[in-house]
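*Asks:* Pasting in a structure now, in structure tokens, and then I'll have a few things to ask.
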Amino acid sequence: MNSAPLDRRAVVLDRDLAHRPEKVWRAITQPHLIAEWLMANDFAPELGRDFRLRNTPQPGMEIVIDCRVLAIEPHHTLSYSWSAYGLESIVTFTLTPTASGTHLRLEQAGFGPDQDAAFKGARAGWTQFLRTLTTILDRPE
Amino acid sequence: MPTTETLFKTLADPTRRVLYERLCRDGELTVAALTAGAGISQPAVSKHLGVLKQAGLVHDRPAGRQTHYSAIPGALSPLADWTRTMASFWDNRLDALDSLLTRMDQ
């Protein structure tokens, strides 16, 4: 199976940042810093914490995303559920120290609302699924 | 065309994902062929196939005593649209994160 077109279908972004993991961790876990690059929020770095991300792209229009912290390992991993417009997905940040700073991987995987307990396995399953299957999208009708 | 929400809900079940994956990979298969190696009973397989059919992901073709199932091409397109939208969203946000990290030095 050709793997070239597959990765671009899954939500997986890799970034090399010229900053130490401790600092990147602060930027993704402190509410006033999260607000600067993502959205207004009431995040707290606690397992099971429910929080909301809010954005007002134009007057009278508010985007609200319901989230829950699913995994947290300081300076390394942060996962939270991301529920918007009836779609439940999971966002995961993984930080790896490098010689020049931090490698950041962001993944967003989607599945049903009853999968939280087994989210790690489900996340792997989902990513694998997308990678395996996306060629069908290119199949002629 | 199934909605993204329907796709998420339908494919949330790992067993359904495996069945659907086999139909994508192997082409048209009977319920009996899908049951072999699935680790669950034929009625359970049929039930999952019913959900996949209702979601617009698979097509069934009765032939004698057997029902053949196949994946419907292009049915995953909304999922591809969703991943593209979210990838673009995060790409912009990560630019903003990088810029914030630089400001944090000052």
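Each chain in the structure tokens gets a letter, A, B and so on, in the order shown; residues start at 1 in every chain, and ligands are counted from 1 in the order they appear.
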Taking only C-alpha atoms into account, which residues of chain B are within 7 Å of chain A, as a ChimeraX atom specification?
*Replies:* /B:5,8-9,11-12,21,24,73-74,76-77,80,83-84,86-87,93,96-98,100
*Asks:* Would you export the selected residues with C-alpha atoms as a short mmCIF file (atom, residue, chain, number, x, y, z; two decimals), in the first residue's frame, please?
*Replies:*
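Output saved as result16.cif:
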data_model
loop_
_atom_site.label_atom_id
_atom_site.label_comp_id
_atom_site.auth_asym_id
_atom_site.auth_seq_id
_atom_site.Cartn_x
_atom_site.Cartn_y
_atom_site.Cartn_z
CA GLU B 5 -20.78 12.85 13.17
CA PHE B 8 -17.31 9.17 14.13
CA LYS B 9 -20.09 7.31 15.93
CA LEU B 11 -16.39 3.88 13.46
CA ALA B 12 -15.96 4.41 17.20
CA GLU B 21 -11.21 -2.24 7.05
CA CYS B 24 -11.92 -1.90 2.04
CA PRO B 73 -16.06 4.21 -2.37
CA GLY B 74 -15.72 7.80 -1.23
CA LEU B 76 -14.94 8.50 4.10
CA SER B 77 -14.66 11.86 2.32
CA ALA B 80 -10.92 13.62 5.12
CA THR B 83 -8.97 16.14 9.16
CA ARG B 84 -7.97 18.78 6.60
CA MET B 86 -8.47 20.54 11.82
CA ALA B 87 -4.91 20.21 10.45
CA ARG B 93 -2.45 27.75 16.26
CA ALA B 96 0.84 31.35 17.30
CA LEU B 97 2.32 29.04 19.98
CA ASP B 98 5.81 29.38 18.47
CA LEU B 100 4.25 33.19 22.03
#
*Asks:* Given only C-alpha atoms as the basis, pick out the residue of B:Arg17, B:Val45, B:Lys53, B:Leu101 nearest to B:Ala32.
*Replies:*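 The closest residue to B:Ala32 is B:Val45.
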*Asks:* If we count only C-alpha atoms and set the cut-off at 12 Å, which residues sit around B:Tyr69, ignoring sequence neighbours fewer than 2 positions away in its own chain? Please answer as a PyMOL selection string.
*Replies:* chain B and resi 19-20+22-24+26-34+45-46+48-50+52-53+57-63+66-67+71-72
*Asks:* Create the file for the chosen residues now, containing C-alpha atoms and written as a JSON list (two decimals), in the first residue's frame.
*Replies:*
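Below is the file selection29.json, written as the result:
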[["chain", "number", "residue", "atom", "x", "y", "z"],
["B", 19, "LEU", "CA", -14.89, -5.28, 9.59],
["B", 20, "TYR", "CA", -14.97, -2.12, 7.49],
["B", 22, "ARG", "CA", -11.42, -5.80, 5.73],
["B", 23, "LEU", "CA", -14.09, -4.79, 3.20],
["B", 24, "CYS", "CA", -11.92, -1.90, 2.04],
["B", 26, "ASP", "CA", -10.35, -7.33, 0.40],
["B", 27, "GLY", "CA", -13.30, -6.07, -1.66],
["B", 28, "GLU", "CA", -16.68, -7.83, -1.57],
["B", 29, "LEU", "CA", -17.06, -10.48, 1.16],
["B", 30, "THR", "CA", -19.88, -12.67, 2.49],
["B", 31, "VAL", "CA", -21.05, -12.49, 6.11],
["B", 32, "ALA", "CA", -19.59, -15.98, 6.58],
["B", 33, "ALA", "CA", -16.18, -14.89, 5.28],
["B", 34, "LEU", "CA", -16.25, -11.81, 7.51],
["B", 45, "VAL", "CA", -21.15, -9.55, 12.67],
["B", 46, "SER", "CA", -24.48, -9.06, 10.86],
["B", 48, "HIS", "CA", -22.32, -4.49, 12.96],
["B", 49, "LEU", "CA", -22.71, -4.70, 9.17],
["B", 50, "GLY", "CA", -26.25, -3.33, 9.57],
["B", 52, "LEU", "CA", -22.21, 0.22, 8.75],
["B", 53, "LYS", "CA", -24.90, -0.02, 6.05],
["B", 57, "LEU", "CA", -20.37, 3.02, 4.53],
["B", 58, "VAL", "CA", -21.20, -0.37, 3.02],
["B", 59, "HIS", "CA", -23.51, -1.83, 0.43],
["B", 60, "ASP", "CA", -25.16, -5.27, 0.67],
["B", 61, "ARG", "CA", -26.00, -7.63, -2.18],
["B", 62, "PRO", "CA", -28.14, -10.68, -1.33],
["B", 63, "ALA", "CA", -27.27, -13.70, -3.50],
["B", 66, "GLN", "CA", -25.57, -15.49, 1.26],
["B", 67, "THR", "CA", -25.35, -11.72, 1.62],
["B", 71, "ALA", "CA", -17.35, -0.81, 1.02],
["B", 72, "ILE", "CA", -18.86, 2.21, -0.71]]
